[in-house]
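Engineer: Attaching a single structure in structure tokens format; questions to follow.
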Amino acid sequence: MTNITLTTDFGTRQGSDAVLHGAIYGIAPDAVITDLSHHITPQDIREANFVVNNSVFFFPDGTVHVIVVDPGVGTERRPIAARIGKHYFVAPDNGVLTACLDRAVREGWSSEFVHLDKPEYWLDNVTMTFHGRDLFSPVGAHLAAGVPLSDLGTSFDDPIRIPLWGAERHDDGSVTGEVIYIDDFGNAICSILPEEIAHLDVPDGVQIDICGAHIQGMVSTFGDSEYDSDTLIALWDSSGYLLVSENNGTGGKVIKPKPGIPVAVRSRI
Amino acid sequence: MTNITLTTDFGTRQGSDAVLHGAIYGIAPDAVITDLSHHITPQDIREANFVVNNSVFFFPDGTVHVIVVDPGVGTERRPIAARIGKHYFVAPDNGVLTACLDRAVREGWSSEFVHLDKPEYWLDNVTMTFHGRDLFSPVGAHLAAGVPLSDLGTSFDDPIRIPLWGAERHDDGSVTGEVIYIDDFGNAICSILPEEIAHLDVPDGVQIDICGAHIQGMVSTFGDSEYDSDTLIALWDSSGYLLVSENNGTGGKVIKPKPGIPVAVRSRI
Amino acid sequence: MTNITLTTDFGTRQGSDAVLHGAIYGIAPDAVITDLSHHITPQDIREANFVVNNSVFFFPDGTVHVIVVDPGVGTERRPIAARIGKHYFVAPDNGVLTACLDRAVREGWSSEFVHLDKPEYWLDNVTMTFHGRDLFSPVGAHLAAGVPLSDLGTSFDDPIRIPLWGAERHDDGSVTGEVIYIDDFGNAICSILPEEIAHLDVPDGVQIDICGAHIQGMVSTFGDSEYDSDTLIALWDSSGYLLVSENNGTGGKVIKPKPGIPVAVRSRI
């Protein structure tokens, strides 16, 4: 019994997400499938990086993660499978694994990659527009059923990486980043990690600038603020990143941040 | 193989719902997980009561229900686990179990509660903002894997209860309640049960007042009305409550009820 | 271990979709359940035909497909179960299986049908408004657990069929159809199949007319167009049908097609 997760931009109305389950069970009847998300913004490879990297490593070692955010479906882009540390991935080679590969570097994990060029591991009929169903899910199922990674294709070592988010330290000690993601509570998750502002007086001595607002100090959790529910607060998110929230985690009323909007952390004046 | 259900206000875009599956499979690989709902209105503990109580008892005895609608995450509110009748629950102690506990009283079921104060049953790193992943799901997984409830924490007997919905009978025989929930068909589910209007001449002799409309009599099911599709009808919902619907269950065109709006049932004039 | 899929118009907020899982596990603890879609447009039996027929046959032989799009719940409409080829179906007899039955005719598969008239295979309490939970899911679970189809009800051979979409060839060689479905990328899936325009010079010599726009020629896949992202393209969808897309599969900006809108394919002038 092996775990498989599915991450796509298919939505859940049409059955395109569910048909992946069908294709998998036909090959690996004992697979245990989790829908990681089917609501990636269509074709947003950066967002898929964020969502995937936040969650996949909480699954058991050996889990197979199938990711289909694939604007280049049917073109020359390579379909690939990878082992990153103790997890397996099946995806188009379009940079969607960048954040996981960055993590592997930080953690000292090894990685290996194959170009999926063996049609015997795909469905019999492969359409030009639905490789999620016809190619990626079947390959994921074969991995879950015990086929070695190296059997599924030709080894290579240069997966595509794309620029993601990051943080920059300036001469005055301030650190700037950007909003990565707006969660379903309206919170803004920002590209700044604790180690990047460790030289500042965290939590009480910092100011966070976002969307023209200036937040004084950081709190530990949503319920820690004494202020009313429209007050902006900053704290460390469970993903590790800086999070800006309207008090108690119901955002969107005071500021309306979007991915890409700049954020800065500086010493409180 | 034990069933686990998950009820949260996390939405399904970000993977925060799916990562609970990952945390569970790491502890209880054979668990069978059902997503009860991840679309509770953010931090709406009353709505969670309604959704959970309507569905959980249709699962097999022994099922573990993990509920994470948790505005107080990271504060002093207790994380708890409970047995209510033959079902298990893991949740913050914020009143989210009130409707199930009321049912236990009505049904004569016993209950027991523990304060989750044993970190050895949690993930190694517990963040301040995501106890769903770091604490509640792991505890649910340990329960599903066979750890006795009493091992998971310290026994107590005063779980928090919150005021929910109800019905009131008046001197003229009329009964008033409120809208509890608007379902995805636009139907209004109201806090009035059959026994509360048994003194009236149901179904033909009653009038239901809601949002300024007056519905004459009740029908048995959606297709029973002879009227056109904008006609309002009243019937007994599958949850047991009074339901007001635009004919054939596609509401929202004639009246636009919202949770908390008053409803009354009286003798037809 | 038998697969069950669920297709409904219940949405996923209220738990009405999840409670079907509970009802099933109580009867067939080893069932492997896939949510095919719970987002059928409420009571849209035609749309359910499209979604179901596109996906169910990718599941393993023997899978049980429970479909609850049921405007007539609680009325005289028959609850039925069917075998179509090597797949099983449980649904109201309202035409929701028409597309699968049409496929059976084309493929030469046999079919058999029973009227579900044996309450011993239902839940003990059957409400008037929720046969999905009380009748269809329990019957699906009994099928998955090995009860023969013929034990579940009385055999019959005239399931209701409804008019679906199609294509018409005209004297000038042009072929007209209609938009069947708008997917989550905003693409319009149209009721024209390759064999219906085989007499035309596909792909380069055809013109597709939709919403006042005229698309010259067809491409192989989304990434094949050389034009900018607002360009309309036409291609064969993975479901087999003609698909009209704004370049790269992010539609809805140039034209706003809806189900039922006419589409035509003719010789390029």
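Identifiers in this document derive from the order of the structure tokens: chains are assigned A, B, ..., residues are numbered from 1 separately in each chain, and ligands are numbered from 1 in order of occurrence.
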Using 6 Å as the limit and counting only C-alpha atoms, can you tabulate each residue of chain A that touches chain B, with its shortest atom-to-atom distance in Å and the two atoms involved, as a Markdown table?
Structural biologist:
| residue | atom | partner | partner_atom | distance |
| --- | --- | --- | --- | --- |
| A:Leu36 | CA | B:Ala18 | CA | 5.0 |
| A:Ser37 | CA | B:Gly15 | CA | 5.5 |
| A:His39 | CA | B:Arg13 | CA | 4.9 |
| A:Val51 | CA | B:Gln14 | CA | 5.8 |
| A:Ser55 | CA | B:Val19 | CA | 5.4 |
| A:Phe58 | CA | B:Gly22 | CA | 5.3 |
| A:Phe59 | CA | B:Gly22 | CA | 4.0 |
| A:Pro60 | CA | B:Gly26 | CA | 5.1 |
| A:Thr221 | CA | B:Gly74 | CA | 5.8 |
| A:Gly223 | CA | B:Gly72 | CA | 5.4 |
| A:Ser238 | CA | B:Thr127 | CA | 5.8 |
Engineer: Would you return as number ranges by chain the members of stretch 5-152 of chain A that DSSP assigns to alpha helix (DSSP H) on this structure's backbone?
Structural biologist: A: 18-25, 45-55, 98-107, 131, 137-144
Engineer: What is the atom CA of B:Ile189-atom CA of B:Met218 distance in Å, reported with one decimal?
Structural biologist: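 These two atoms are separated by 14.1 Å.
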Engineer: Kindly indicate which residue among B:Leu135, B:Ile255, B:Val105, B:Val68 lies nearest to B:Ile210, using only C-alpha atoms for the distances.
Structural biologist: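 Closest candidate: B:Ile255.
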Engineer: In stretch 12-245 of chain C, what's strand (DSSP E or B) per DSSP? Answer as a ChimeraX atom specification?
Structural biologist: /C:32-37,64-68,79-84,87-92,111-115,154-156,168-169,175-182,188-190,206-210,213-216,232-236,242-245
Engineer: Save out the residues we just selected, C-alpha atoms, as a PDB file, in the first residue's frame.
Structural biologist:
ATOM      1  CA  VAL C  32     -12.338   2.436  -2.156  1.00  0.00           C
ATOM      2  CA  ILE C  33     -14.344   5.603  -2.788  1.00  0.00           C
ATOM      3  CA  THR C  34     -13.543   8.301  -5.358  1.00  0.00           C
ATOM      4  CA  ASP C  35     -15.503  11.539  -5.500  1.00  0.00           C
ATOM      5  CA  LEU C  36     -16.006  11.866  -9.247  1.00  0.00           C
ATOM      6  CA  SER C  37     -17.673  15.253  -8.909  1.00  0.00           C
ATOM      7  CA  VAL C  64     -19.685   0.813  -9.010  1.00  0.00           C
ATOM      8  CA  HIS C  65     -20.709   4.343 -10.048  1.00  0.00           C
ATOM      9  CA  VAL C  66     -23.307   6.033  -7.826  1.00  0.00           C
ATOM     10  CA  ILE C  67     -24.917   9.072  -9.466  1.00  0.00           C
ATOM     11  CA  VAL C  68     -27.296  11.304  -7.547  1.00  0.00           C
ATOM     12  CA  PRO C  79     -34.427   4.212  -8.325  1.00  0.00           C
ATOM     13  CA  ILE C  80     -32.399   1.833 -10.488  1.00  0.00           C
ATOM     14  CA  ALA C  81     -29.150  -0.086 -10.716  1.00  0.00           C
ATOM     15  CA  ALA C  82     -27.533  -1.169 -13.958  1.00  0.00           C
ATOM     16  CA  ARG C  83     -24.661  -3.067 -15.455  1.00  0.00           C
ATOM     17  CA  ILE C  84     -23.358  -1.357 -18.596  1.00  0.00           C
ATOM     18  CA  HIS C  87     -19.305  -1.277 -15.003  1.00  0.00           C
ATOM     19  CA  TYR C  88     -22.106  -0.923 -12.455  1.00  0.00           C
ATOM     20  CA  PHE C  89     -24.328   2.117 -11.941  1.00  0.00           C
ATOM     21  CA  VAL C  90     -26.802   3.155  -9.246  1.00  0.00           C
ATOM     22  CA  ALA C  91     -28.945   6.205 -10.010  1.00  0.00           C
ATOM     23  CA  PRO C  92     -32.448   7.600 -10.360  1.00  0.00           C
ATOM     24  CA  SER C 111     -26.617  -3.931 -20.372  1.00  0.00           C
ATOM     25  CA  GLU C 112     -29.051  -5.007 -17.688  1.00  0.00           C
ATOM     26  CA  PHE C 113     -31.263  -3.039 -15.322  1.00  0.00           C
ATOM     27  CA  VAL C 114     -33.100  -3.543 -12.042  1.00  0.00           C
ATOM     28  CA  HIS C 115     -35.719  -1.388 -10.360  1.00  0.00           C
ATOM     29  CA  THR C 154     -36.781  -6.330 -10.202  1.00  0.00           C
ATOM     30  CA  SER C 155     -35.397  -6.618 -13.719  1.00  0.00           C
ATOM     31  CA  PHE C 156     -36.647  -4.200 -16.411  1.00  0.00           C
ATOM     32  CA  GLU C 168     -25.851  17.685 -37.893  1.00  0.00           C
ATOM     33  CA  ARG C 169     -24.378  17.646 -41.380  1.00  0.00           C
ATOM     34  CA  VAL C 175     -21.530  20.510 -39.593  1.00  0.00           C
ATOM     35  CA  THR C 176     -23.325  22.210 -36.710  1.00  0.00           C
ATOM     36  CA  GLY C 177     -23.422  21.296 -33.047  1.00  0.00           C
ATOM     37  CA  GLU C 178     -23.549  23.031 -29.708  1.00  0.00           C
ATOM     38  CA  VAL C 179     -21.400  23.843 -26.701  1.00  0.00           C
ATOM     39  CA  ILE C 180     -21.799  21.013 -24.178  1.00  0.00           C
ATOM     40  CA  TYR C 181     -19.676  22.226 -21.281  1.00  0.00           C
ATOM     41  CA  ILE C 182     -17.376  25.011 -20.162  1.00  0.00           C
ATOM     42  CA  ALA C 188     -15.772  25.311 -24.632  1.00  0.00           C
ATOM     43  CA  ILE C 189     -16.268  21.611 -25.301  1.00  0.00           C
ATOM     44  CA  CYS C 190     -18.490  21.203 -28.375  1.00  0.00           C
ATOM     45  CA  VAL C 206     -11.603  24.013 -41.720  1.00  0.00           C
ATOM     46  CA  GLN C 207     -13.136  27.075 -40.126  1.00  0.00           C
ATOM     47  CA  ILE C 208     -14.914  26.959 -36.765  1.00  0.00           C
ATOM     48  CA  ASP C 209     -17.653  29.524 -36.090  1.00  0.00           C
ATOM     49  CA  ILE C 210     -18.579  30.236 -32.466  1.00  0.00           C
ATOM     50  CA  ALA C 213     -15.739  34.442 -34.048  1.00  0.00           C
ATOM     51  CA  HIS C 214     -14.223  32.484 -36.945  1.00  0.00           C
ATOM     52  CA  ILE C 215     -11.274  30.233 -36.142  1.00  0.00           C
ATOM     53  CA  GLN C 216      -9.106  29.230 -39.112  1.00  0.00           C
ATOM     54  CA  LEU C 232      -8.839  31.571 -30.187  1.00  0.00           C
ATOM     55  CA  ILE C 233      -7.783  28.053 -31.138  1.00  0.00           C
ATOM     56  CA  ALA C 234      -9.662  24.841 -31.915  1.00  0.00           C
ATOM     57  CA  LEU C 235      -8.395  21.344 -31.187  1.00  0.00           C
ATOM     58  CA  TRP C 236      -9.527  17.852 -30.225  1.00  0.00           C
ATOM     59  CA  LEU C 242     -14.019  19.577 -30.517  1.00  0.00           C
ATOM     60  CA  LEU C 243     -12.662  22.105 -28.029  1.00  0.00           C
ATOM     61  CA  VAL C 244     -12.439  25.869 -28.516  1.00  0.00           C
ATOM     62  CA  SER C 245      -9.903  27.611 -26.315  1.00  0.00           C
TER      63      SER C 245
END
Engineer: Write out as a list in words each polymer residue whose atoms come within 7 Å of C:Arg46, counting only C-alpha atoms; drop sequence neighbours fewer than 3 positions from it.
Structural biologist: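 Selected residues are Asn49, Phe50, Val96 and Leu164 of chain C.
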